[in-house]
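To be precise, the following lines are structure-v2.csv, and they hold CSV, C-alpha atoms.
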```
chain,number,residue,atom,x,y,z
X,24,MET,CA,-9.6,-43.8,-19.5
X,25,PRO,CA,-7.8,-41.6,-16.9
X,26,SER,CA,-6.2,-43.4,-13.9
X,27,THR,CA,-7.4,-42.9,-10.4
X,28,PRO,CA,-5.3,-42.2,-7.3
X,29,ALA,CA,-5.7,-45.8,-6.3
X,30,ASP,CA,-4.5,-47.0,-9.7
X,31,ASP,CA,-1.5,-44.7,-9.5
X,32,SER,CA,-0.7,-46.0,-6.0
X,33,ALA,CA,-0.9,-49.6,-7.2
X,34,ASN,CA,1.5,-48.8,-10.0
X,35,ARG,CA,4.0,-47.0,-7.9
X,36,THR,CA,5.9,-50.0,-6.4
X,37,ALA,CA,9.1,-49.0,-8.0
X,38,ARG,CA,9.5,-45.8,-6.0
X,39,PRO,CA,8.1,-44.1,-3.0
X,40,VAL,CA,5.2,-41.7,-3.2
X,41,SER,CA,6.4,-38.1,-3.7
X,42,MET,CA,4.8,-34.7,-2.9
X,43,MET,CA,4.3,-34.2,-6.6
X,44,ASP,CA,2.2,-37.4,-6.7
X,45,VAL,CA,0.0,-36.1,-3.9
X,46,ALA,CA,-0.4,-32.7,-5.5
X,47,ALA,CA,-1.4,-34.3,-8.8
X,48,ALA,CA,-3.8,-36.7,-7.3
X,49,ALA,CA,-5.4,-34.1,-5.1
X,50,GLY,CA,-5.6,-31.5,-7.9
X,51,VAL,CA,-3.6,-28.9,-5.9
X,52,SER,CA,-0.1,-27.3,-6.0
X,53,GLN,CA,2.9,-28.8,-4.3
X,54,LYS,CA,3.0,-25.6,-2.2
X,55,THR,CA,-0.5,-26.4,-0.9
X,56,VAL,CA,0.6,-30.0,0.0
X,57,SER,CA,3.6,-28.5,1.8
X,58,ARG,CA,1.4,-26.2,3.8
X,59,VAL,CA,-0.8,-29.2,4.8
X,60,VAL,CA,2.1,-31.4,5.7
X,61,ASN,CA,3.6,-28.6,7.9
X,62,ASP,CA,0.2,-27.7,9.4
X,63,GLU,CA,0.5,-24.2,8.1
X,64,PRO,CA,-2.4,-21.7,7.8
X,65,HIS,CA,-4.0,-20.3,4.6
X,66,VAL,CA,-5.5,-23.6,3.5
X,67,SER,CA,-9.2,-24.0,3.4
X,68,PRO,CA,-10.7,-26.9,5.5
X,69,VAL,CA,-12.1,-28.5,2.3
X,70,ILE,CA,-8.7,-28.5,0.6
X,71,ARG,CA,-6.9,-29.6,3.7
X,72,GLU,CA,-9.2,-32.6,4.1
X,73,ARG,CA,-8.8,-33.5,0.4
X,74,VAL,CA,-5.0,-33.4,0.7
X,75,LEU,CA,-4.9,-35.4,3.9
X,76,GLY,CA,-7.2,-38.0,2.4
X,77,THR,CA,-4.9,-38.3,-0.7
X,78,ILE,CA,-1.9,-38.6,1.6
X,79,ALA,CA,-3.5,-41.5,3.5
X,80,GLU,CA,-4.7,-43.2,0.2
X,81,LEU,CA,-1.3,-43.0,-1.5
X,82,GLY,CA,0.7,-43.9,1.6
X,83,PHE,CA,2.8,-40.7,1.5
X,84,ARG,CA,5.1,-40.1,4.5
X,85,PRO,CA,4.6,-36.5,5.5
X,86,ASN,CA,7.1,-36.6,8.4
X,87,SER,CA,10.0,-37.4,6.2
X,88,ALA,CA,9.0,-34.8,3.7
X,89,ALA,CA,8.6,-32.1,6.4
X,90,ARG,CA,12.1,-32.8,7.6
X,91,VAL,CA,13.6,-32.3,4.1
X,92,LEU,CA,11.5,-29.1,3.5
X,93,LYS,CA,12.8,-27.6,6.6
X,94,GLY,CA,16.4,-28.6,5.9
X,95,GLN,CA,16.7,-30.3,9.3
X,96,ARG,CA,18.4,-33.5,10.2
X,97,SER,CA,17.0,-35.8,12.9
X,98,ARG,CA,20.3,-37.5,13.5
X,99,ARG,CA,18.4,-40.7,14.2
X,100,ILE,CA,19.1,-44.1,12.8
X,101,GLY,CA,16.5,-47.0,12.8
X,102,VAL,CA,17.5,-50.6,13.0
X,103,ILE,CA,15.3,-53.6,12.2
X,104,THR,CA,16.7,-56.9,13.5
X,105,ILE,CA,15.4,-60.4,14.1
X,106,ALA,CA,14.5,-61.1,17.8
X,107,THR,CA,17.4,-63.5,18.6
X,108,THR,CA,20.4,-63.9,20.8
X,109,LEU,CA,22.4,-65.8,18.2
X,110,HIS,CA,26.0,-64.7,18.0
X,111,GLY,CA,26.0,-63.1,14.6
X,112,PRO,CA,22.9,-60.9,14.7
X,113,ALA,CA,23.6,-60.0,18.4
X,114,SER,CA,27.2,-59.0,17.7
X,115,THR,CA,26.2,-57.0,14.6
X,116,LEU,CA,23.6,-55.1,16.6
X,117,ALA,CA,26.1,-54.3,19.4
X,118,ALA,CA,28.6,-52.9,16.9
X,119,ILE,CA,25.9,-50.8,15.2
X,120,GLU,CA,24.9,-49.3,18.6
X,121,ARG,CA,28.5,-48.5,19.4
X,122,GLU,CA,29.3,-46.8,16.1
X,123,THR,CA,26.0,-44.9,16.1
X,124,ARG,CA,26.6,-43.6,19.6
X,125,THR,CA,30.2,-42.6,18.7
X,126,ARG,CA,28.9,-40.5,15.8
X,127,GLY,CA,26.4,-38.7,18.1
X,128,PHE,CA,23.3,-40.2,16.5
X,129,SER,CA,20.4,-41.7,18.4
X,130,LEU,CA,19.3,-45.2,17.6
X,131,THR,CA,15.9,-46.8,17.6
X,132,VAL,CA,15.8,-50.6,17.4
X,133,VAL,CA,12.8,-52.6,16.3
X,134,ARG,CA,13.0,-56.4,16.8
X,135,THR,CA,10.8,-58.6,14.7
X,136,ASP,CA,9.6,-62.2,15.1
X,137,GLU,CA,7.9,-62.4,11.7
X,138,THR,CA,10.2,-62.0,8.7
X,139,ALA,CA,8.0,-61.9,5.6
X,140,PRO,CA,8.1,-58.5,3.8
X,141,GLU,CA,4.5,-57.8,4.7
X,142,ASP,CA,5.4,-58.3,8.3
X,143,LEU,CA,8.5,-56.1,8.1
X,144,GLN,CA,6.6,-53.1,6.7
X,145,PRO,CA,5.0,-52.2,10.0
X,146,ALA,CA,8.5,-52.1,11.5
X,147,VAL,CA,9.6,-49.8,8.7
X,148,ASP,CA,6.6,-47.6,9.1
X,149,SER,CA,7.2,-47.2,12.9
X,150,LEU,CA,10.8,-46.0,12.2
X,151,LEU,CA,9.6,-43.6,9.4
X,152,ASP,CA,7.2,-42.1,11.9
X,153,GLN,CA,10.2,-41.2,14.0
X,154,ASN,CA,11.9,-39.3,11.2
X,155,VAL,CA,14.9,-41.6,10.9
X,156,GLU,CA,17.5,-40.5,8.4
X,157,ALA,CA,18.5,-44.1,7.6
X,158,ILE,CA,17.2,-47.6,8.2
X,159,VAL,CA,19.5,-50.5,8.9
X,160,ILE,CA,18.0,-53.9,8.1
X,161,SER,CA,19.8,-56.7,9.8
X,162,GLU,CA,17.5,-59.5,8.7
X,163,PRO,CA,19.3,-62.8,7.8
X,164,VAL,CA,16.0,-64.5,6.7
X,165,ASP,CA,15.5,-65.1,3.0
X,166,HIS,CA,13.0,-62.6,1.6
X,167,HIS,CA,12.9,-59.8,-1.0
X,168,LEU,CA,13.5,-56.5,0.7
X,169,SER,CA,12.9,-54.6,-2.5
X,170,THR,CA,9.1,-54.9,-1.9
X,171,LEU,CA,9.4,-52.7,1.3
X,172,ARG,CA,7.9,-49.2,0.9
X,173,ILE,CA,10.7,-46.8,2.0
X,174,PRO,CA,10.9,-43.2,0.8
X,175,ALA,CA,13.8,-42.4,-1.5
X,176,ASP,CA,15.2,-39.8,1.0
X,177,VAL,CA,15.8,-42.4,3.7
X,178,THR,CA,19.0,-44.3,3.2
X,179,VAL,CA,18.9,-48.1,3.6
X,180,LEU,CA,21.8,-50.3,4.7
X,181,THR,CA,21.3,-54.0,4.7
X,182,PHE,CA,23.4,-56.7,6.4
X,183,GLY,CA,23.6,-60.1,4.7
X,184,GLN,CA,22.2,-59.1,1.3
X,185,GLY,CA,24.5,-59.7,-1.7
X,186,PRO,CA,25.1,-57.3,-4.6
X,187,ASP,CA,22.3,-58.9,-6.6
X,188,GLU,CA,19.8,-58.8,-3.8
X,189,ILE,CA,19.8,-55.3,-2.5
X,190,ARG,CA,17.3,-52.5,-3.1
X,191,PRO,CA,18.4,-50.0,-5.9
X,192,GLY,CA,20.3,-47.2,-4.2
X,193,SER,CA,20.9,-49.1,-1.0
X,194,LEU,CA,24.1,-50.0,0.8
X,195,ALA,CA,24.9,-53.5,1.7
X,196,ILE,CA,27.5,-55.5,3.7
X,197,ALA,CA,27.6,-59.3,3.6
X,198,MET,CA,29.9,-62.0,4.8
X,199,ASP,CA,31.2,-64.5,2.2
X,200,GLU,CA,29.3,-67.3,3.8
X,201,SER,CA,29.8,-69.6,0.8
X,202,GLY,CA,33.5,-69.0,0.8
X,203,GLY,CA,33.7,-69.7,4.5
X,204,ALA,CA,31.9,-73.0,4.0
X,205,ARG,CA,34.2,-73.9,1.2
X,206,ALA,CA,37.2,-73.3,3.5
X,207,ALA,CA,35.7,-75.5,6.3
X,208,THR,CA,35.0,-78.3,3.9
X,209,ASP,CA,38.3,-78.0,2.0
X,210,HIS,CA,40.1,-78.2,5.4
X,211,LEU,CA,38.5,-81.5,6.3
X,212,LEU,CA,39.0,-83.0,2.8
X,213,ALA,CA,42.7,-81.9,2.9
X,214,LEU,CA,43.1,-83.9,6.1
X,215,GLY,CA,42.2,-87.0,4.1
X,216,HIS,CA,38.4,-87.5,4.9
X,217,GLU,CA,36.7,-89.1,1.9
X,218,THR,CA,33.7,-86.8,2.3
X,219,VAL,CA,32.2,-84.3,4.7
X,220,TRP,CA,28.7,-84.4,6.1
X,221,HIS,CA,26.8,-81.2,6.9
X,222,ILE,CA,24.4,-80.1,9.6
X,223,SER,CA,22.8,-76.9,8.2
X,224,GLY,CA,20.8,-74.0,9.6
X,225,PRO,CA,17.1,-73.3,8.8
X,226,THR,CA,16.4,-73.4,5.1
X,227,ASP,CA,14.7,-69.9,5.2
X,228,TRP,CA,18.0,-68.2,6.5
X,229,ILE,CA,20.2,-66.6,3.8
X,230,PRO,CA,23.5,-67.6,5.7
X,231,ALA,CA,22.4,-71.2,6.1
X,232,ASN,CA,21.7,-71.5,2.3
X,233,ARG,CA,24.9,-69.9,1.4
X,234,ARG,CA,26.9,-72.3,3.7
X,235,VAL,CA,25.1,-75.3,2.1
X,236,ALA,CA,26.1,-73.9,-1.3
X,237,GLY,CA,29.8,-73.5,-0.4
X,238,TRP,CA,29.9,-77.0,1.2
X,239,ALA,CA,28.3,-78.6,-1.9
X,240,ALA,CA,30.7,-76.7,-4.2
X,241,SER,CA,33.7,-77.9,-2.3
X,242,LEU,CA,32.6,-81.5,-2.5
X,243,GLU,CA,31.9,-81.2,-6.2
X,244,ASP,CA,35.3,-79.7,-6.9
X,245,ALA,CA,36.9,-82.6,-5.0
X,246,GLY,CA,34.8,-85.3,-6.6
X,247,ALA,CA,33.6,-86.3,-3.1
X,248,ALA,CA,30.3,-88.0,-2.4
X,249,ARG,CA,27.5,-85.6,-1.3
X,250,HIS,CA,24.7,-86.6,1.1
X,251,GLU,CA,21.7,-84.5,2.0
X,252,PRO,CA,22.4,-82.2,4.9
X,253,LEU,CA,20.5,-82.6,8.1
X,254,VAL,CA,18.7,-79.4,9.0
X,255,GLY,CA,18.9,-77.8,12.5
X,256,ASP,CA,17.6,-74.6,14.0
X,257,TRP,CA,20.9,-73.1,15.2
X,258,SER,CA,20.5,-74.5,18.7
X,259,PRO,CA,22.8,-76.9,20.5
X,260,ARG,CA,19.9,-79.3,20.9
X,261,SER,CA,19.3,-79.5,17.2
X,262,GLY,CA,23.0,-80.1,16.6
X,263,PHE,CA,22.9,-82.9,19.2
X,264,GLU,CA,19.8,-84.5,17.6
X,265,ALA,CA,21.2,-84.3,14.0
X,266,MET,CA,24.6,-85.7,15.1
X,267,SER,CA,22.8,-88.6,16.9
X,268,LYS,CA,21.3,-89.6,13.6
X,269,LEU,CA,24.6,-89.4,11.7
X,270,LEU,CA,26.3,-91.6,14.3
X,271,GLN,CA,24.2,-94.5,13.2
X,272,ARG,CA,26.3,-94.5,10.0
X,273,PRO,CA,29.7,-96.2,10.2
X,274,ASP,CA,31.2,-94.1,7.4
X,275,VAL,CA,30.8,-90.6,9.0
X,276,THR,CA,34.3,-89.3,9.9
X,277,ALA,CA,33.9,-85.5,9.3
X,278,VAL,CA,31.1,-83.1,9.8
X,279,PHE,CA,30.8,-79.4,8.9
X,280,VAL,CA,28.2,-77.7,11.2
X,281,ALA,CA,26.6,-74.4,10.1
X,282,ASN,CA,27.2,-72.7,13.5
X,283,ASP,CA,29.2,-73.2,16.6
X,284,GLN,CA,26.2,-73.7,18.9
X,285,MET,CA,25.0,-76.7,16.8
X,286,ALA,CA,28.6,-77.9,16.6
X,287,ILE,CA,28.8,-77.9,20.4
X,288,GLY,CA,25.6,-80.0,20.5
X,289,ALA,CA,27.1,-82.3,17.9
X,290,MET,CA,30.3,-82.8,19.9
X,291,SER,CA,28.2,-83.6,23.0
X,292,ALA,CA,26.3,-86.3,21.0
X,293,ILE,CA,29.6,-87.8,20.0
X,294,GLN,CA,30.8,-88.0,23.6
X,295,ALA,CA,27.4,-89.3,24.8
X,296,LYS,CA,27.8,-92.3,22.4
X,297,GLY,CA,31.3,-93.2,23.7
X,298,LEU,CA,33.2,-91.7,20.8
X,299,ARG,CA,35.8,-88.9,20.8
X,300,VAL,CA,36.5,-85.7,18.8
X,301,PRO,CA,38.6,-85.7,16.7
X,302,ASP,CA,39.9,-89.3,17.2
X,303,ASP,CA,36.7,-90.8,15.7
X,304,ILE,CA,34.9,-87.8,14.1
X,305,SER,CA,36.3,-84.4,13.2
X,306,ILE,CA,34.0,-81.3,13.6
X,307,VAL,CA,34.2,-77.8,12.1
X,308,GLY,CA,31.8,-75.1,13.2
X,309,PHE,CA,31.0,-71.6,11.9
X,310,ASP,CA,31.1,-68.0,13.4
X,311,ASP,CA,33.9,-68.4,16.0
X,312,ASN,CA,31.7,-67.9,19.0
X,313,PRO,CA,33.8,-66.7,22.0
X,314,VAL,CA,33.3,-70.0,23.8
X,315,ALA,CA,34.6,-72.0,20.9
X,316,GLU,CA,38.3,-71.9,21.9
X,317,PHE,CA,37.6,-72.7,25.5
X,318,LEU,CA,35.7,-76.0,25.1
X,319,ALA,CA,37.3,-79.2,26.4
X,320,VAL,CA,38.1,-79.9,22.8
X,321,PRO,CA,38.7,-76.4,21.3
X,322,LEU,CA,36.6,-76.1,18.1
X,323,THR,CA,37.9,-75.5,14.7
X,324,THR,CA,35.6,-72.9,13.1
X,325,ILE,CA,35.1,-70.1,10.6
X,326,HIS,CA,35.8,-66.7,12.1
X,327,GLN,CA,33.5,-63.8,11.1
X,328,ASP,CA,34.5,-60.3,12.2
X,329,PHE,CA,31.0,-58.9,12.8
X,330,ALA,CA,32.3,-55.9,14.7
X,331,GLU,CA,34.7,-54.8,11.9
X,332,ALA,CA,32.1,-55.4,9.2
X,333,ALA,CA,29.5,-53.3,11.1
X,334,ARG,CA,32.1,-50.6,11.7
X,335,GLN,CA,32.9,-50.3,8.0
X,336,ALA,CA,29.2,-50.5,7.1
X,337,MET,CA,28.3,-47.7,9.5
X,338,HIS,CA,31.2,-45.6,8.2
X,339,ARG,CA,29.8,-45.9,4.7
X,340,LEU,CA,26.3,-45.1,5.9
X,341,PHE,CA,27.4,-41.9,7.7
X,342,ARG,CA,29.5,-40.8,4.7
X,343,THR,CA,26.4,-41.3,2.6
X,344,LEU,CA,24.2,-39.2,5.0
X,345,ASP,CA,26.8,-36.5,4.8
X,346,GLY,CA,26.5,-36.4,1.0
X,347,HIS,CA,29.4,-38.7,0.1
X,348,PRO,CA,28.0,-42.1,-1.0
X,349,PRO,CA,30.6,-44.8,-1.7
X,350,ILE,CA,31.5,-45.8,-5.3
X,351,GLU,CA,30.5,-49.4,-4.6
X,352,SER,CA,27.1,-50.0,-3.0
X,353,ALA,CA,27.9,-53.6,-1.7
X,354,ARG,CA,30.9,-55.0,0.0
X,355,LEU,CA,31.7,-58.6,0.8
X,356,PHE,CA,33.8,-59.7,3.8
X,357,ALA,CA,35.9,-62.8,3.7
X,358,PRO,CA,35.8,-65.0,6.9
X,359,GLN,CA,38.8,-67.0,8.0
X,360,LEU,CA,39.4,-70.6,9.0
X,361,VAL,CA,40.6,-70.9,12.6
X,362,THR,CA,42.2,-74.4,13.2
X,363,ARG,CA,41.9,-75.9,16.7
X,364,SER,CA,41.8,-79.3,18.2
X,365,SER,CA,38.5,-80.7,16.9
X,366,THR,CA,39.8,-81.7,13.5
X,367,ALA,CA,42.4,-84.4,12.6
X,368,LYS,CA,43.2,-87.0,9.9
X,369,PRO,CA,40.7,-89.8,9.7
X,370,SER,CA,41.6,-92.8,12.0
X,371,PRO,CA,41.6,-96.3,10.5
X,372,ASP,CA,40.5,-97.4,14.0
X,373,ARG,CA,37.3,-95.2,14.0
X,374,ARG,CA,35.1,-96.7,16.6
X,375,ARG,CA,31.4,-97.3,16.3
X,376,VAL,CA,28.4,-96.2,18.4
X,377,ARG,CA,28.0,-98.3,21.5
X,378,PRO,CA,25.1,-100.7,21.2
X,379,VAL,CA,22.1,-99.9,23.4
X,380,ASP,CA,21.7,-102.3,26.3
```
Is it possible to give me this structure as C-alpha cells?
Amino acid sequence: MPSTPADDSANRTARPVSMMDVAAAAGVSQKTVSRVVNDEPHVSPVIRERVLGTIAELGFRPNSAARVLKGQRSRRIGVITIATTLHGPASTLAAIERETRTRGFSLTVVRTDETAPEDLQPAVDSLLDQNVEAIVISEPVDHHLSTLRIPADVTVLTFGQGPDEIRPGSLAIAMDESGGARAATDHLLALGHETVWHISGPTDWIPANRRVAGWAASLEDAGAARHEPLVGDWSPRSGFEAMSKLLQRPDVTAVFVANDQMAIGAMSAIQAKGLRVPDDISIVGFDDNPVAEFLAVPLTTIHQDFAEAARQAMHRLFRTLDGHPPIESARLFAPQLVTRSSTAKPSPDRRRVRPVD
C-alpha cells in the first residue's frame, strides 16, 4: 500500500523536509516547487494551491529554501535561551551578543520559560521564519534537543550539551561540570573533612545533575560517606533554607553548594545560627560569580570562563558558516578551583546551633 504525505511526514523525524519531498508528495517537479516558494509566475492556481498545501502538511520551511536557492546570506543568528538572570546563562548570552556584533551579524534572541522540546519548537520556528543562518541553543535544562525540527541547512550550536547528547551535525560547547564538582569536593576532603554534604540545583537542569555526579564520584573515590543532597532552585533563599536543615546535624563540617548564589544563602544561614565560616563549617560554591571574592568571607568556588567558552564557540560557528567546519563537533572546557577564605581544616571545637529560646 503506497504511503501518504502524512505517513511520509511522520516517518521523517530523522531529517528535515526537503524540496524533493514536497515535489514528490505534490506530484510536481522541484522547479515547480521552487517557483511556488519564490512566488514566481508560470504556475497555475491549482498547482500553486496543491504545492502550498503540501508545504503546510509536511512542515517544509520555504524561507530557508528560498535563501539557499538565491545564494544569499541573511547574516542573522538566532539564540534560544532560558528566561533567567542567573550568572552562567546571562554571561553566556552577553558573550554571544558581543561576538556576533563583532562579526557584523545581527542577532535575534528568543527567551523561553517552558523548556520541553515541544515548547521549544515554536521558538525555533519563529527564528526560522526570520531566515537565520544558525541557531544557538543555550538551554541548560535536561531534554532531548534531537527531537527539534530544524532544517539541515541551518547550523545548530548548543551550550551545555555533551558529545553524546548533541544533534547529528551540530556543534557543541560544554563545561566540565562533573570535573569542577570533583575538584570542589576533593579540596574539602584534602583539608581533612570526613565527608562533604551537597546542596544541589534543580534536578531537571543538566549542570546540576553533572555537579551531583562529580561530587558523588569524589566521595566514592575517597571512600567517604555519601548523604542525599538537598535540592535548591539556584536562589540564595533556597541555599539558606537547605543549610538551615543541615545545621541541625552535629556532624556537618563541609558543604559543596551547586552555585554561588545558594552558597551565599548557606553562609547567611550559618551566621544566623551563631556559627562561623570556615571555623565551624567550610563552604565551596560554583561559577565564581563576580561578587564571590568581595563577600565578608570571600567564597572558595569553581571558576567557569563563560566569556572565553562563548568566544571559542562562536568562532567555530562562524567558521562553519563560512564553509570550514571544525574537525571535532564538541568541545569541553575545564573549570578551575579558586581557593579563598571560606574553606579550612575541620575544627575539633566545631560549635553547634544555638538552641531556640
Taking (22.5, -53.3, 3.7) in the file's own coordinates, collect the residues within 6 Å, counting all atoms listed in the file, and hand them back as a ChimeraX atom specification.
-> /X:180-182,194-196
Limited to C-alpha atoms, could you put the picked residues into a file as a PDB file, keeping the file's coordinate frame?
```pdb
ATOM      1  CA  LEU X 180      21.800 -50.300   4.700  1.00  0.00           C
ATOM      2  CA  THR X 181      21.300 -54.000   4.700  1.00  0.00           C
ATOM      3  CA  PHE X 182      23.400 -56.700   6.400  1.00  0.00           C
ATOM      4  CA  LEU X 194      24.100 -50.000   0.800  1.00  0.00           C
ATOM      5  CA  ALA X 195      24.900 -53.500   1.700  1.00  0.00           C
ATOM      6  CA  ILE X 196      27.500 -55.500   3.700  1.00  0.00           C
TER       7      ILE X 196
END
```
What does the distance from CA of Glu156 (chain X) to CA of Leu344 (chain X) come to in Å, to one decimal?
->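 We find that CA of Glu156 (chain X) and CA of Leu344 (chain X) lie 7.6 Å from each other.
One distance worth recording is that between CA of Ala248 (chain X) and CA of Arg260 (chain X), which is 27.0 Å.
Coordinates place CA of Glu200 (chain X) at a distance of 25.9 Å from CA of Asp142 (chain X).
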Could you tell me which of X:Ala277, X:Val45, X:Gln359, X:Leu270 comes closest to Leu211 (chain X) if we count all atoms listed in the file?
-> X:Ala277
With distances taken over all atoms listed in the file, which of X:Val69, X:Ala247, X:Leu75, X:Leu151 is nearest to Leu212 (chain X)?
->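 Using all atoms listed in the file, Leu212 (chain X) sits closest to X:Ala247.
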Distance query Val219 (chain X) at most 7 Å, all atoms listed in the file, self and fewer than 4 positions along chain excluded, as an mmCIF file with C-alpha atoms, keeping the file's coordinate frame:
```cif
data_model
loop_
_atom_site.group_PDB
_atom_site.id
_atom_site.type_symbol
_atom_site.label_atom_id
_atom_site.label_comp_id
_atom_site.auth_asym_id
_atom_site.auth_seq_id
_atom_site.Cartn_x
_atom_site.Cartn_y
_atom_site.Cartn_z
ATOM 1 C CA THR X 208 35.000 -78.300 3.900
ATOM 2 C CA ALA X 277 33.900 -85.500 9.300
ATOM 3 C CA VAL X 278 31.100 -83.100 9.800
ATOM 4 C CA PHE X 279 30.800 -79.400 8.900
#
```
Of the residues X:Thr125, X:Ser201, X:Ser305, X:Thr276, which is the one nearest to Phe356 (chain X), using all atoms listed in the file?
->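 Checking each of X:Thr125, X:Ser201, X:Ser305, X:Thr276 against Phe356 (chain X), counting all atoms listed in the file, the winner is X:Ser201.
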May I have the residues at most 12 Å from (31.5, -61.3, 4.7) in the file's coordinates, counting only C-alpha atoms, as an mmCIF file with C-alpha atoms, in the coordinates of the input?
```
data_model
loop_
_atom_site.group_PDB
_atom_site.id
_atom_site.type_symbol
_atom_site.label_atom_id
_atom_site.label_comp_id
_atom_site.auth_asym_id
_atom_site.auth_seq_id
_atom_site.Cartn_x
_atom_site.Cartn_y
_atom_site.Cartn_z
ATOM 1 C CA GLY X 111 26.000 -63.100 14.600
ATOM 2 C CA PHE X 182 23.400 -56.700 6.400
ATOM 3 C CA GLY X 183 23.600 -60.100 4.700
ATOM 4 C CA GLN X 184 22.200 -59.100 1.300
ATOM 5 C CA GLY X 185 24.500 -59.700 -1.700
ATOM 6 C CA PRO X 186 25.100 -57.300 -4.600
ATOM 7 C CA ALA X 195 24.900 -53.500 1.700
ATOM 8 C CA ILE X 196 27.500 -55.500 3.700
ATOM 9 C CA ALA X 197 27.600 -59.300 3.600
ATOM 10 C CA MET X 198 29.900 -62.000 4.800
ATOM 11 C CA ASP X 199 31.200 -64.500 2.200
ATOM 12 C CA GLU X 200 29.300 -67.300 3.800
ATOM 13 C CA SER X 201 29.800 -69.600 0.800
ATOM 14 C CA GLY X 202 33.500 -69.000 0.800
ATOM 15 C CA GLY X 203 33.700 -69.700 4.500
ATOM 16 C CA ALA X 204 31.900 -73.000 4.000
ATOM 17 C CA PRO X 230 23.500 -67.600 5.700
ATOM 18 C CA ARG X 233 24.900 -69.900 1.400
ATOM 19 C CA ARG X 234 26.900 -72.300 3.700
ATOM 20 C CA ASP X 310 31.100 -68.000 13.400
ATOM 21 C CA ILE X 325 35.100 -70.100 10.600
ATOM 22 C CA HIS X 326 35.800 -66.700 12.100
ATOM 23 C CA GLN X 327 33.500 -63.800 11.100
ATOM 24 C CA ASP X 328 34.500 -60.300 12.200
ATOM 25 C CA PHE X 329 31.000 -58.900 12.800
ATOM 26 C CA ALA X 330 32.300 -55.900 14.700
ATOM 27 C CA GLU X 331 34.700 -54.800 11.900
ATOM 28 C CA ALA X 332 32.100 -55.400 9.200
ATOM 29 C CA ALA X 333 29.500 -53.300 11.100
ATOM 30 C CA GLN X 335 32.900 -50.300 8.000
ATOM 31 C CA ALA X 336 29.200 -50.500 7.100
ATOM 32 C CA ALA X 353 27.900 -53.600 -1.700
ATOM 33 C CA ARG X 354 30.900 -55.000 0.000
ATOM 34 C CA LEU X 355 31.700 -58.600 0.800
ATOM 35 C CA PHE X 356 33.800 -59.700 3.800
ATOM 36 C CA ALA X 357 35.900 -62.800 3.700
ATOM 37 C CA PRO X 358 35.800 -65.000 6.900
ATOM 38 C CA GLN X 359 38.800 -67.000 8.000
#
```
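Candidate residues X:Pro321, X:Pro145, X:Pro259, X:Pro112 were compared for distance to Val280 (chain X), and the nearest is X:Pro259, using only C-alpha atoms.
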Nearest to Gln153 (chain X) among X:Arg98, X:His216, X:Arg375, X:Arg299, with distances taken over all atoms listed in the file: which residue is it?
->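 So, comparing all the options, the nearest one is X:Arg98.
Closest approach to Ser261 (chain X) from the set X:Val235, X:Arg73, X:Gly288, X:Arg339 is made by X:Gly288, with distances taken over all atoms listed in the file.
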Neighbour list for Ala157 (chain X) as an NGL selection string, cut-off 10 Å, all atoms listed in the file, skip fewer than 3 positions in-chain | :X and (97-102 or 150-151 or 154 or 160 or 173 or 176-180 or 340-341 or 343-344)
May I have the residues within 10 Å of Thr104 (chain X) as a list in words, using all atoms listed in the file and disregarding those fewer than 3 positions away in the same chain?
-> Gly101, Thr107, Pro112, Ala113, Thr115, Leu116, Val132, Val133, Arg134, Thr135, Asp136, Thr138, Leu143, Ala146, Val159, Ile160, Ser161, Glu162, Pro163 and Phe182 of chain X
